[in-house]
Structure formats: structure tokens, C-alpha cells
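Trainee: Could you have a look at this structure, given as C-alpha cells, before my questions?
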Amino acid sequence: MGSATTKKPEKRIDITINGKTVSARKDSFLLSALKENSINIPTLCHHKDLTPNGTCRLCTVEVEVRGKKRFVTACNYPVRDEIKIETHSPAILEHRKLLAEMYLGRWPNVPVIQDIAKTCGVTAPSRFTSEMTDPNPKACILCGHCVRACKEFMMEEILDFAGRGIKRHLTMPFGEMDKHCVGCTSCAYVCPTGAINIVDDFNRPHNPDMIRDHGMKVNAEMATLDKNQCCMREVGTANIVEVMAAYDLLPVHNYKFGTHVDVPKIDSMLLRKKYITQNLPDGCWKGCSMACAKTIDNFELKTGPYKGHKVTVDGPEYETAAAVANMGCFDVEFLAEFNFYADTYGMDTISLGTTIAFVMECFEAGVIGKKHTGGMELKFGASAEVLELMHQMARGEGFGIEVGQGILRLKQKFAKEYGADPAFLKDIGMEVKGLEYSEYLPKESLAQQGGYALAIKGPQHDEAWLIFMDMVNKQLPTFEAKAEALYYFPLWRTWFGLNGLCKLCWNDVVPADNFKENEPAKIPGHVRNYFKFFEGVTGIPIDEQTMLDQSARVYNLQRAMSLMFDKATRKDDVPPYRSMGPVTVEEYESRAERYDKQLKELQNINPAGKNTEEKIQLLRKYREEQYSILMDTVYRRKGWTKNGVPKISRLKELGIDLPEIVKLVEKHQED
Amino acid sequence: MSSSKLMPGDLDRVAERVRKQHSRYKGMLMVCTGSGCVAAKGFNVRDGLARMIKEKGLEKDYLVVGTGCNGFCAVGPIVVVQPEGTFYQKVAEKDLDAIIAQHLIGGKPVEKLLYKDPVRQKTCGKMDEIPFFSKQQLIALRNKGLIDPENIEHYIARGGYQSLRKVLDAGSGDQVISDIIASGLRGRGGGGFPTGIKWQSAKKAALARDEKPYVVCNADEGDPGAFMDRSIIETDPHAVLEGMLICAYAIGSNEGYIYIRKEYPLALVRLRKALEQMREHGLLGNGILGSSFSFDVHIHRGAGAFVCGESTALMASMSGKPGEPRAKYIHNVEYGFRDKPTVLNNVETWANIPAIIEKGAAWYASIGTGDVSKNPWNGSSGTKVFSLVGNIMNTGLVEVPMGISLREIIYDVGGGIPLGRKFKAVQTGGPSGGCIPEKMLDMKVDFDSLTEVGSMMGSGGMIVMDDRTCMVDVARYFISFLVDESCGKCTPCREGLFALKTTLDRICKGEGRVGDIGFLEELSKTIQATSLCQLGGSAPNPVLSTIRFFRDEYEVHIREHKCRAGVCKDLIKYTINNKCTGCVVCAKNCPTQAITGERKKLHVIDQSKCVKCGVCDDVCKFDAVEVR
């Protein structure tokens, strides 16, 4: 997601600094151009992670634009023209010196002020000493860092200035302790003088400062990078609806296709324009600086028990929007209503959408008919029927009772009672281990096929979301690389769950310099943040191996215990073919160019003269073999047998070779 | 009043009907109900006249109209009998009988209520005989005293909304913009930026980004002693609104705002009524005057902060944020209100627009200084409204052509300095304007000349000071105002102005030190150069201009600890000399009982009790009180 953001080519412009012509990024602030050219000028109200506001005026420089000279502040002056800049002329130095003297007169004992005074050459006692002089070495110097941090890091406005002129001072609304303050300490963190005290009286973490130092990095990235990456603050996870469609990865019509012309009718551009209009920080918990939970407000329901009510819809998130695409219902009003009733009835939008998409394909393929659906024309795009089906499920009535049981049981019923072809149902029924697929089209990504089907709980993307690494960033070229990813990421993602930490701020925004890392896919900068959170709370330092071991104990335990339900051997890790390749002629032909090319380049088969059915079979054989090799490689990397069961030696290694666990796996040890 | 939506041709019909109605009367009594006259019971005069006319059965012959400000606030309440133009001043309720009996019934003007020109010692029966009025040229104030500001039909009868109609008929917004550029009109709010160029930039930005621009009227007039904008709104609100409509059409805006301070209740009432009547007449909303043009105006009331007159602070305040300015490296015409392209013009600028459209750019450009036909920066065209206050005979609101001399404004229009005192200086441009001395009285008044002498046009405040004024104290007064009104966001304005104030306070207390003048100058220059907005950028003007033209006064304060003008209390002492006749008037009037003495004997002031209020000097008829 974040790592996939492609960088726009930056425009550069020539500027002349102190007589020397250099190139600068267009529309960047002048101060950064000066820094790039190692020209130092004093600043006081500037903070690298906060929007500049140009109040201390110390960074004043002289700029000449089209022959006109004027003084500007470098921190917030945008480079737009070919300008000439003087940074250290005698007049500028005089002004800076006097400004520094003003500061020294007001706050003579604050270290940062003393430093600035020294830098600017103020030696004599300040002529600005007055009854306003504050001798406190930790006095507030009105730089406004805290005000901006509250607003930009946390999207709160708990701190601001009150009082005009010389009476300007920092305050909470009406001078009272504001109950909206969650104690995030961003303000104290950015304060250059220590004027804001932190009183840590929560649950006594081992090292609050360590947690804070790394938490603030997350906050700063949210404030500065998210708007150029995923816009999680603005639209939440729905930001990727159009991205997935652009990469042919959005499931459409029960995972037949990866995109559709009507995607703009449900995408995040539409949502942010007309539906997600509250414009409030809206996190899972107050104080989250990503705040990606979004709501549609004032939505009037058109069906069901709450018909006519105006409600707030919690969402839509990406998965819900994509589930709607999967059912072919490209209508944002339907999306909102679907989302609302799924939440209200306690239904999972993913299982619901994937199951109904399966039913729709069965209906269109003639596997079932109106007599089975209670008269409903359940074709792709039948949004009114979907809502009716949901209401039936909730009431426990009609066809709703059957659909509500999910794909695994529907397949059995359709084959047994309606005489459907079990093989076809197996190919198009998007479930593994009884759980419905989440909403990504994994057909072209072998790694993601494994990510889904090898997942212990079934095909959800929580365990291994590799689609972008594999498909878009091409970071997993070999089986070994894919297996390594399928070893590392499930364990890393398990670790979030073990510690009760949200994983979105691991990869939905990435550091600006992530591309410089050795293994950018892991987003090592953010992994380090989490390790420091762990250490800050527990006092126990942690590294990658310790993390992997912690997770592997739980992960292997889960796999072993799944044997009790007969869902943990090789046969249970095989996906329906729809997730690996085209099942039908229609599917193959919709992407014939791509598949023909594969036959030619990967299988050395000339597709010319072969009919589609033949080509489907050839491709299928290749892809199933590939998947089989992948399973072998992954099992090996995980320390499991060829049958996908943890080896006792691996359990020993992890220290979980407890008798009852060993008893579960011992009969599956042949390799 | 009809509530039907007007079509273009209806404007002529309404105008004709109203004119006919008015011509049936023998006379119309135009009672000034601007804020100044209202304070002097102008409403009572208006209502009293109407009631009495009815009682006498004259209501078919005479109509009483409450108008906006006439400008001559010094002599209010004012009643003008039209069409002949008889001008009654300082009319009280007790005078109404005389006006009705003598004038309306008897046909003879009431002599005692007529204006007497103190300079020429001549009674002026008619309005146009009064020098205060005869030297003015009215464009922004073209309807003052002639219409009821609360009646849209009065405005239409005077040709109102015909300019809008003309613009809608022509169909080209770009032509309007070119006309405004060619007229040379520069912003009347103080900055003097060419209005047409501002519109052009906003339109360009809006088209480039496919955004709807906003049109905003700045009515946050906050200069002490200035009331141009207030009066224009109270007098002729539709002129302002028609100007906004024309701009909105020209740049493709559908939404406008008026930012007006809450301390202007009467202006607010009249604005609200104007908007209501415009909606009724289809001059706001969808399909204005039968065209496809839609526009509406909202009122935003400011809480009254001087800095909110600054454009970016105003927009912050309108957005519900603290009224603080931001850096203007990216202009409001690109990213203004709600980050949309925004045209912000001052009340007076808006009021000029319909007149320019009506009479043409060339006509407007021909008034004033410089040749602006090619480039609006080349001069100052048109007229400017000033509020003339301070030690001046004719306090009030005047509109004069650009390029008129200060002397003409002060002596011809303003009637000179009262009580036979001597002129000392005039401060133009509001609190952060500069003080201009007598030797420069012949300079022409326009944007560039005023800036050259270290002052500015500002929004048009003009404070006249006589020889009893201490220039150090004047600087101190204005800086104190600005210290209170600075938002405190940037360091030079917050800390620097405060230091200017403490230094001036010290000098006025007689604690000045050698080097203070140099410090004031050095500090002023840094404040000017480095402040975030123009409040700070212009704030040192009063200090720098008084040092420039009245340096000796500073030196006397510092070296001799004396205030020659007798203003700085710590430097003066009141004593009673032997001219005292022992009349005891001073002792009776002294608020602190500091004066003792028996009847017919020399009185003495106890310096420990004296608060130097000067009451004794004011009341003494024998010139016995001395100030040293």
C-alpha cells in the first residue's frame, strides 16, 4: 500500500543563493533549499515535522523576485520563481540580532534562547528587559510547536494561544483542563523548552520516554506523509479501491475479473466527495494519529426494519467496498446500506459478500434457479435482492437461511440436493478450511495464493498480504523468496495480535527513506518502532529472531491444534482453482493476451490453433504444479513435514514439545 | 413593496413609479439617521416630524425620509428639505413645531436652525452653499442624504442595479474586469492594490483549478476615529452589494460574505434589510434579473479585533479560527477563504464599482492623479472618502477627488482649526499612519505621495491636531493602541511594539535617556522589515514620522524633561498666577479638591493632590492658570 506509492517526478527550478546558482525543488519551502545547500540560518519556531508558521521571524532572508526585493521568512516561503536570495546581508544580520535580543529580554534563562542569542551575536544584556521578563529557564517561548503538534499529529485542537499582543499565552479552552486531551504528550515532546510537564501515572510502563520517542515518529509520519501516501486520515482503507482496480486486483463477479468500468461508482474519490463528510478525526480509539475509521453520516435507509431512518454508517472500509464489487453491485448508496445492515445484524461483510457472489455465479451458471432462491433473480448486480437476502438471513427465513451458512455448506447442498457438478463448485467456491476469501484477487500472484490458502485460520489477509510485494513491486521473484515471505510475514503479523497492536501504522504509511533500507518490504524502520514499544512497556529488549520465536510458538501451536479439527494438512491448504487461474472460457478470454503470453514464455507452448478449453487446461496444469512446489518450499522453511504438519524437532526448538502437542502431531511425522 | 422577482425592464418601471410618487409631494424632509445623528436623537426627529405632519394633515404634501449619513456629523441631527435643499442643523425635537409652522406652512425658512459659516460669518440657507459640501465630489457616497437606505426602491429610483443589468446584458465578465482595471481603481481599504487585477487573478486561479471563487466585503473597520465604511453601509448598502454582484458575475462566483464588526448595529440592521429586500426582488438567489447568474451573500459578524481587518486574519476569523494573519506568499486570490480563490475588497471599493460601470472607466480614470489608463499603478484615480476628526471645525465624512491637497481638505472642506488655534499635524491612514507637519500641507493626497512621506492612505482616517498636541504623546497613544491590537503571533510585532511603548512611556514620564531616539528608530526599522503582516509592517509609522518631523519635541522631553504642549502629565505643573481674582470657580470644579483659597484672594494648587486634568485652566476666565 504505502510502499506502492509511486513518486511523482519533482520539478526543479534554479535559484541564486548569495550569488551562487543552485537547483531547488519547485514548491518546496526556501528553508529546505537552503539546508540542502548547507546554508545555516537560525530558526526557533521551525520544527521538521510540523507545518511552518513563520512567527519567530529569525529565518528572515532577502528575496529578489523580478527585480523587487523584500524580506521573507525562509521557513514558509515557497520556491516558485527564479529568485535571488541573500541570507547574511548586514541588514538581515541586524534584524536577526535585534529579534534575538527581544527574545533574550523576555526569556533570558531559557537555553534555546541563549543559544539563539549567541548565534545572532547578542552580547550585551538585552535592552528588552521589562516587567514581562520571565526568568524561568523552562518558560514557554510562544513558538507554537505544541499547538501545531496537537492539531497536526492528533487532529485535536486542545491547545491554542489566547490573549492579544504581549498578553499572548498558551491555554486550553477557557483556561480549563480540557477533557478531550488524551494525554498523548505530543505537545510536551515537541516543546523546545520543557515548559509542558509530563506526569506519567498510567500503567507504569518500563520506559515511557522510549515509547514516546518512537510513538512520536509514527505521529509525525501520519502528519507529514499520509496525505501523500494512502490518505488513511482522509478516507481510511477505502483509498485502495481504485488502486486495486487499476492493478486488476479488485475482485469482481466472484473473483472472475480484477476490475470493472463502474468502479468509480464506489471508489474513494466518490466517497470523499459526497459521503465521508464529517471531517473529524475518527480513530478506533481517541488519540490514534492515523484515525482511519470513517463514517457516512446522515444516510437515509431505503429497506429493512430501519427504512426511512437517517443513520450513521460505520465505514465503508476497503473490504466492504470490494465485496460489493465482487457481487457486481456498483452503487454507493447500496454500499452504504449493505454496510449498515451487515453491522447491525452482526454479519461479516467479507463472508457475506463472497458467499453471495458465489451464489450469484451459481445462479447465472444455472446451478440454481428462482425456485431455489424463493423467486429472487440473484444475478450479479442484483442489489435489491442482496438486501432482501440479508434481511431474510437476519430473520432466519427463506433462502436466507441457506446462504447464511456459508460457501462450504452451500457447495455440499447444491451438489447433493440440486445435482450440481461438485468439481465446478469446488473451483468457484471461494473458501478454504470453511472460511470465505477476503477481497483481493490472487490469481496472478503465487505468493498471495499461498498467503491465503496456507493461512491457519483460512483465507483472510491478516496473515500474509503479499499481493503488492509480489505483483506490483516484484520483490519476490523466486520460490525461496516467496517461501521466505510466507515464513516471515505470517509470524510478524501474528506478533501484532500477540501484543494487541494495530498493524496499519506498520505499512499503511512508510518512512520517506524506506527505499534506502536493505529489506524495504519489511519496512524495517517501523519494525524497530514496534520493538521499542515492546521494550518500553516490558523492559525486555527484543530483536527480529526473538520476535519470530515468540510468534512461532503460537503459530505452530495453532497449526497443531487445527489437527484436532482435521484442518491442518496439505489437503487443507489447497485453494479453489478460481484463486489460481481462469476457471471459465469467459475468464480466460477476458485476459487472453496475458495467459497466451504465459503459455508461450513460461511453458514454451504455442497457443496458436488451440481452443480456449485446451489452453485453460494447460495453464491450470502449470499453475497447480507451481503451487505444489510452493507448498513444499514453504513447509520446509517453516520446519513442517511435506504434509504440512510441524515436525517434532521444530516444536522442540521452540520449546513447545509438550506431551499433548506432540501427541497431536506424532502420527503425521512421515516426510 | 412588491415581492415579485424583477426582470431587467422592471428596474425602469420601479424607478419611474417611485420618482412619480415622490414628485407628487411638495417637499421631502430628509432626516439624517446615520449613527452620528442617531446618537443626537435623529430617530426622534424623524419620527416626531412624521407624527406631527400627520397630525397637521400634511402627509399628502410632505414625506419624511430617514436617510443615511450626510457626512456633516458636527452639526447633526440634520434635516434637509428637498427639492429646494434647505439645510437645518442641530435640530432638536423642540424645533419641529417651528419647521412645520414656519417653513412647511408659512413658507419661510427657520433662521435659527440654518448653518452659519464661521469663516465667512455668513448664513447658508441651502446645502450647496455650505463650503463643507460644495468642495466634495461624490461617487461612493453618491446617494447620501437622498435615499432611505432601508428601501431598495429608493436605490433603484436613483439608477440602482442598472450597472448590474448592463453587465448581465453585455454577458462578458472579462470585459467588466478590463473596465475596472482601466478605471485605475485601487483598493480603498488601505493597501491600494488595483482592484481589477485582483479580480483577474482570482478568476484565473478559479478557472485553473475548477473551483468556485468567493467574493468578500471587508467591513471590519477598526481605526480609531474612522467611520467611512460604517457610514457607507448605513447610507447606501445596495451600492456595496451591487458592486459585489458585479464582481461575482465577472469572476464566476456564486457565494459572497460580508465581514462586519458587531459594534456596528445600525449598519448590520440596514445590511440585513437590504439582503432581505434583494432576495424578495430576485437580486440574490438563482436567476438574478432573469439571467442564469446565481449569487447569495452571507453576513459574518466579527467580534471586533483590529487585526481582523487584515485579509488573511479576516478569513481565518470567518473560518472560525483565531483571527491571526498568515504569511501571504500565497495570495488570497489563489487560496483564500476555505482555500478557494477569494476576492476581498473594502466597503468603499465595492461602492465605487456600480458608478464605474455606469459612467465608464475613462470617466473614473480622468478623476485623480496620474495616467492610469495603461497601468493602475501609475496613479490614484477617483475619489476618496475621509473621516475628518480631531481638532477640526467640520468633523465629518468627506469625499474628495484624489490629488486634492491636505490644505484644501483641512481648511476648505474642514473649516480649519477651531478656537483660533494653530495647526500642528495631521495623521492619515489610521493608527499606523504617519503624522504630516504643516510645511507639507500642500502635498497632494494620493496613495503614493502619502507613502513617500512616511504615512499612508490607509482606509481614510484623518486626524487633525492643533498646537496643544504633544507629538511624543501622539506616538505613544497610537503605539499603545497597536500593542493592544497586535495579535501577538510574530515576535517583532509582539515584543517590539511593547518595547516601543515602554520606551515612549518612559520618555513621556521624563525618564528618557540619551540614545532612546536611536533605539526607537532601530527597533522601528526591524519591526517594519520583519513583521508577519502589515499591522506590524506599518505600526512604527507614527513613531518614525513624529521623529522625522518633530524630533525636537523628543529631544526636549529627553534632555529637558519638558512637554512644551503641556500634555505629558509627569512633565507639567499647573500653578495659579496673580491674575487670579479669587472667583473660586476653579476650586469648585477641581475634582480632587486640590485648589484652596478664599473668595477674592489668590488661590493655590496643592501639587500633591493635583491630577493635572486641566479643568482649572479650562474654567478660568482670567487666564490665571499656567501650565509649565
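All residue names refer to the C-alpha cells as shown: chains lettered A, B, ... in order, residues numbered from 1 in each chain, ligands numbered from 1 in order.
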Select residues of chain A: the criterion is any atom within 8 Å of an atom of chain B, counting only C-alpha atoms; output as JSON, numbers by chain.
Mentor: {"A": [53, 54, 55, 56, 57, 60, 71, 72, 76, 77, 78, 95, 98, 99, 102, 103, 128, 163, 164, 165, 166, 167, 168]}
Trainee: For segment 114-117 of chain A, list every protein, DNA or RNA residue within 9 Å, evaluated using only C-alpha atoms, and leave out those in the same chain fewer than 4 positions away; present the list as a list of chain:residue names.
Mentor: A:Pro42, A:Thr43, A:Leu44, A:Lys97, A:Leu99, A:Ala100, A:Glu101, A:Tyr103, A:Leu104, A:Trp107, A:Pro108, A:Asn109, A:Val110, A:Gly121, A:Val122, A:Thr123
Trainee: Can I get the selected residues back with N, CA, C and O atoms, as a short mmCIF file (atom, residue, chain, number, x, y, z; two decimals), in the first residue's frame?
Mentor:
data_model
loop_
_atom_site.label_atom_id
_atom_site.label_comp_id
_atom_site.auth_asym_id
_atom_site.auth_seq_id
_atom_site.Cartn_x
_atom_site.Cartn_y
_atom_site.Cartn_z
N PRO A 42 19.46 30.83 11.56
CA PRO A 42 18.82 30.45 12.82
C PRO A 42 17.30 30.31 12.68
O PRO A 42 16.68 31.02 11.88
N THR A 43 16.74 29.35 13.41
CA THR A 43 15.28 29.21 13.47
C THR A 43 14.91 28.90 14.91
O THR A 43 15.72 28.37 15.67
N LEU A 44 13.69 29.22 15.27
CA LEU A 44 13.23 28.93 16.62
C LEU A 44 11.84 28.28 16.59
O LEU A 44 11.58 27.31 17.28
N LYS A 97 19.62 39.97 14.82
CA LYS A 97 20.24 40.24 16.11
C LYS A 97 19.22 40.91 17.04
O LYS A 97 19.11 40.55 18.22
N LEU A 99 15.97 40.77 16.82
CA LEU A 99 14.92 39.80 17.18
C LEU A 99 15.41 38.88 18.31
O LEU A 99 14.69 38.62 19.28
N ALA A 100 16.65 38.43 18.18
CA ALA A 100 17.21 37.56 19.22
C ALA A 100 17.30 38.31 20.54
O ALA A 100 17.06 37.75 21.62
N GLU A 101 17.60 39.60 20.45
CA GLU A 101 17.69 40.40 21.67
C GLU A 101 16.31 40.55 22.32
O GLU A 101 16.18 40.56 23.54
N TYR A 103 13.96 38.30 22.22
CA TYR A 103 13.74 37.02 22.90
C TYR A 103 14.52 36.96 24.22
O TYR A 103 13.99 36.54 25.25
N LEU A 104 15.78 37.39 24.15
CA LEU A 104 16.62 37.31 25.35
C LEU A 104 16.08 38.21 26.46
O LEU A 104 16.16 37.88 27.64
N TRP A 107 12.90 36.17 27.78
CA TRP A 107 13.16 34.87 28.43
C TRP A 107 14.66 34.65 28.56
O TRP A 107 15.25 33.80 27.84
N PRO A 108 15.33 35.39 29.44
CA PRO A 108 16.80 35.39 29.46
C PRO A 108 17.44 34.06 29.86
O PRO A 108 18.59 33.81 29.53
N ASN A 109 16.69 33.19 30.55
CA ASN A 109 17.34 31.98 31.06
C ASN A 109 16.97 30.69 30.35
O ASN A 109 17.33 29.61 30.78
N VAL A 110 16.23 30.82 29.26
CA VAL A 110 15.86 29.61 28.51
C VAL A 110 17.02 29.22 27.60
O VAL A 110 17.47 30.03 26.79
N GLY A 121 24.79 36.87 17.78
CA GLY A 121 25.76 37.86 18.22
C GLY A 121 25.24 38.87 19.23
O GLY A 121 25.74 39.99 19.32
N VAL A 122 24.24 38.47 20.01
CA VAL A 122 23.78 39.37 21.06
C VAL A 122 24.67 39.17 22.28
O VAL A 122 24.71 38.07 22.82
N THR A 123 25.38 40.20 22.68
CA THR A 123 26.29 40.04 23.80
C THR A 123 25.84 40.82 25.03
O THR A 123 25.69 40.27 26.12
#
Trainee: Between B:Gly515, B:Pro77, B:Gly71, B:Gly145, which one has atoms that come closest to Gln89 of chain B, using only C-alpha atoms?
Mentor: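 Of the candidates, the smallest distance to Gln89 of chain B is held by B:Pro77.
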Trainee: To one decimal place, how far is atom CA of Phe227 of chain B from atom CA of Asn70 of chain B in Å?
Mentor: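 Taking atom CA of Phe227 of chain B as the start and atom CA of Asn70 of chain B as the end point, the length is 12.5 Å.
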Trainee: Fewer than 2 positions away in the same chain doesn't count, so skip those; otherwise give me all residues within 7 Å of segment 642-649 of chain A, counting only C-alpha atoms, as a PyMOL selection string.
Mentor: chain A and resi 556+560+568-570+632+635+639-640+651-653+657+662+665+668-669+671
Trainee: Just N, CA and C atoms for this one: save the residues we selected as a PDB file, in the first residue's frame.
Mentor:
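Contents of result.pdb, freshly written:
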ATOM      1  N   ASN A 556       2.765 -22.307  15.567  1.00  0.00           N
ATOM      2  CA  ASN A 556       2.860 -23.775  15.468  1.00  0.00           C
ATOM      3  C   ASN A 556       1.850 -24.470  16.379  1.00  0.00           C
ATOM      4  N   ALA A 560      -0.918 -27.085  15.081  1.00  0.00           N
ATOM      5  CA  ALA A 560      -1.064 -28.407  15.700  1.00  0.00           C
ATOM      6  C   ALA A 560      -2.486 -28.610  16.190  1.00  0.00           C
ATOM      7  N   ALA A 568      -5.558 -29.208   9.078  1.00  0.00           N
ATOM      8  CA  ALA A 568      -4.177 -28.749   9.157  1.00  0.00           C
ATOM      9  C   ALA A 568      -3.195 -29.638   8.415  1.00  0.00           C
ATOM     10  N   THR A 569      -3.617 -30.212   7.313  1.00  0.00           N
ATOM     11  CA  THR A 569      -2.662 -30.952   6.499  1.00  0.00           C
ATOM     12  C   THR A 569      -2.695 -30.420   5.077  1.00  0.00           C
ATOM     13  N   ARG A 570      -1.824 -30.958   4.271  1.00  0.00           N
ATOM     14  CA  ARG A 570      -1.630 -30.452   2.911  1.00  0.00           C
ATOM     15  C   ARG A 570      -2.960 -30.292   2.145  1.00  0.00           C
ATOM     16  N   ASP A 632       5.674 -27.130  -0.935  1.00  0.00           N
ATOM     17  CA  ASP A 632       6.861 -27.866  -0.446  1.00  0.00           C
ATOM     18  C   ASP A 632       7.887 -26.901   0.141  1.00  0.00           C
ATOM     19  N   TYR A 635       6.607 -25.238   3.464  1.00  0.00           N
ATOM     20  CA  TYR A 635       6.606 -26.184   4.581  1.00  0.00           C
ATOM     21  C   TYR A 635       8.027 -26.392   5.094  1.00  0.00           C
ATOM     22  N   GLY A 639       9.661 -25.558   8.849  1.00  0.00           N
ATOM     23  CA  GLY A 639      10.038 -26.692   9.699  1.00  0.00           C
ATOM     24  C   GLY A 639       8.902 -27.696   9.821  1.00  0.00           C
ATOM     25  N   TRP A 640       8.103 -27.817   8.747  1.00  0.00           N
ATOM     26  CA  TRP A 640       6.969 -28.733   8.748  1.00  0.00           C
ATOM     27  C   TRP A 640       7.259 -29.897   7.800  1.00  0.00           C
ATOM     28  N   LEU A 651       9.111 -28.290  17.108  1.00  0.00           N
ATOM     29  CA  LEU A 651       8.447 -27.989  18.375  1.00  0.00           C
ATOM     30  C   LEU A 651       9.462 -27.949  19.506  1.00  0.00           C
ATOM     31  N   LYS A 652      10.427 -28.838  19.461  1.00  0.00           N
ATOM     32  CA  LYS A 652      11.490 -28.868  20.492  1.00  0.00           C
ATOM     33  C   LYS A 652      12.285 -27.581  20.466  1.00  0.00           C
ATOM     34  N   GLU A 653      12.645 -27.214  19.228  1.00  0.00           N
ATOM     35  CA  GLU A 653      13.414 -25.982  19.020  1.00  0.00           C
ATOM     36  C   GLU A 653      12.714 -24.779  19.681  1.00  0.00           C
ATOM     37  N   ASP A 657       7.342 -28.580  22.882  1.00  0.00           N
ATOM     38  CA  ASP A 657       7.115 -30.001  22.651  1.00  0.00           C
ATOM     39  C   ASP A 657       6.433 -30.627  23.853  1.00  0.00           C
ATOM     40  N   VAL A 662       2.692 -32.914  21.185  1.00  0.00           N
ATOM     41  CA  VAL A 662       3.412 -33.978  20.478  1.00  0.00           C
ATOM     42  C   VAL A 662       2.442 -35.082  20.058  1.00  0.00           C
ATOM     43  N   VAL A 665       0.695 -34.252  16.783  1.00  0.00           N
ATOM     44  CA  VAL A 665       1.447 -34.237  15.529  1.00  0.00           C
ATOM     45  C   VAL A 665       2.161 -35.541  15.227  1.00  0.00           C
ATOM     46  N   HIS A 668       1.629 -37.741  12.177  1.00  0.00           N
ATOM     47  CA  HIS A 668       1.769 -37.126  10.846  1.00  0.00           C
ATOM     48  C   HIS A 668       3.223 -36.828  10.529  1.00  0.00           C
ATOM     49  N   GLN A 669       4.178 -37.528  11.154  1.00  0.00           N
ATOM     50  CA  GLN A 669       5.574 -37.128  11.029  1.00  0.00           C
ATOM     51  C   GLN A 669       6.283 -37.664   9.788  1.00  0.00           C
ATOM     52  N   ASP A 671       7.872 -37.958   6.273  1.00  0.00           N
ATOM     53  CA  ASP A 671       8.229 -36.800   5.439  1.00  0.00           C
ATOM     54  C   ASP A 671       8.843 -37.255   4.128  1.00  0.00           C
TER      55      ASP A 671
END
Trainee: Applying 12 Å and only C-alpha atoms, which residues near Glu586 of chain A remain after dropping the ones on its own chain fewer than 3 positions away? List them as a list of chain:residue names.
Mentor: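 Counting only C-alpha atoms, the residues come to A:His253, A:Lys256, A:Phe257, A:Ala365, A:Pro582, A:Val583, A:Glu589, A:Ser590, A:Arg591, A:Ala592, A:Thr612, A:Glu613, A:Ile616.
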Trainee: Write out as a list in words which residues come within 10 Å of Ile540 of chain A when counting only C-alpha atoms, dropping same-chain ones fewer than 6 positions away.
Mentor: His206, Phe531, Lys532 and Phe534 of chain A
Trainee: Please report, as an MDAnalysis selection string, each residue of segment 126-225 of chain B to which DSSP assigns strand (DSSP E) when run on this structure's backbone.
Mentor: chainID B and resid 214:219
Trainee: Please produce an output containing N, CA and C atoms for each residue in the selection, written as a PDB file, in the first residue's frame.
Mentor:
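What ended up in out27.pdb:
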ATOM      1  N   TYR B 214     -14.817  32.948  -4.073  1.00  0.00           N
ATOM      2  CA  TYR B 214     -15.664  33.702  -3.151  1.00  0.00           C
ATOM      3  C   TYR B 214     -15.447  35.193  -3.338  1.00  0.00           C
ATOM      4  N   VAL B 215     -16.500  35.957  -3.064  1.00  0.00           N
ATOM      5  CA  VAL B 215     -16.413  37.416  -3.069  1.00  0.00           C
ATOM      6  C   VAL B 215     -16.682  37.878  -1.636  1.00  0.00           C
ATOM      7  N   VAL B 216     -15.745  38.619  -1.073  1.00  0.00           N
ATOM      8  CA  VAL B 216     -15.891  39.017   0.327  1.00  0.00           C
ATOM      9  C   VAL B 216     -15.770  40.532   0.460  1.00  0.00           C
ATOM     10  N   CYS B 217     -16.626  41.078   1.312  1.00  0.00           N
ATOM     11  CA  CYS B 217     -16.564  42.517   1.600  1.00  0.00           C
ATOM     12  C   CYS B 217     -15.970  42.708   2.988  1.00  0.00           C
ATOM     13  N   ASN B 218     -14.940  43.505   3.055  1.00  0.00           N
ATOM     14  CA  ASN B 218     -14.285  43.780   4.335  1.00  0.00           C
ATOM     15  C   ASN B 218     -14.922  45.017   4.964  1.00  0.00           C
ATOM     16  N   ALA B 219     -15.747  44.773   5.980  1.00  0.00           N
ATOM     17  CA  ALA B 219     -16.358  45.889   6.698  1.00  0.00           C
ATOM     18  C   ALA B 219     -15.913  45.845   8.153  1.00  0.00           C
TER      19      ALA B 219
END
Trainee: Can you list every residue in segment 176-325 of chain A that DSSP puts in alpha helix (DSSP H), as a ChimeraX atom specification?
Mentor: /A:186-190,208-224,232-235,241-246,268-270,318-325
Trainee: Residues within 6 Å of Cys187 of chain A, please, as a list in words. Count only C-alpha atoms; anything in the same chain fewer than 2 positions from it doesn't count.
Mentor: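 Non-adjacent residues within range: Cys146, Ala149, Thr185, Tyr189 and Val190 of chain A.
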Trainee: Can you tell me, as a list in words, what residues are no more than 7 Å from Gly187 of chain B when counting only C-alpha atoms, ignoring any on the same chain fewer than 3 positions away?
Mentor: Gly190, Gly191, Gly192, Phe193, Pro194, Thr195, Asn345, Asn346 and Thr349 of chain B
Trainee: Using only C-alpha atoms, which of B:Val167, B:Ala39, B:Glu153, B:Lys126 sits nearest Arg19 of chain B?
Mentor: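 When distances to Arg19 of chain B are compared using only C-alpha atoms, the smallest one comes from B:Glu153.
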Trainee: At what distance in Å, to one decimal, does atom CA of Phe386 of chain B lie from atom CA of Val453 of chain B?
Mentor: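 Value for the atom CA of Val453 of chain B-atom CA of Phe386 of chain B distance: 18.4 Å.
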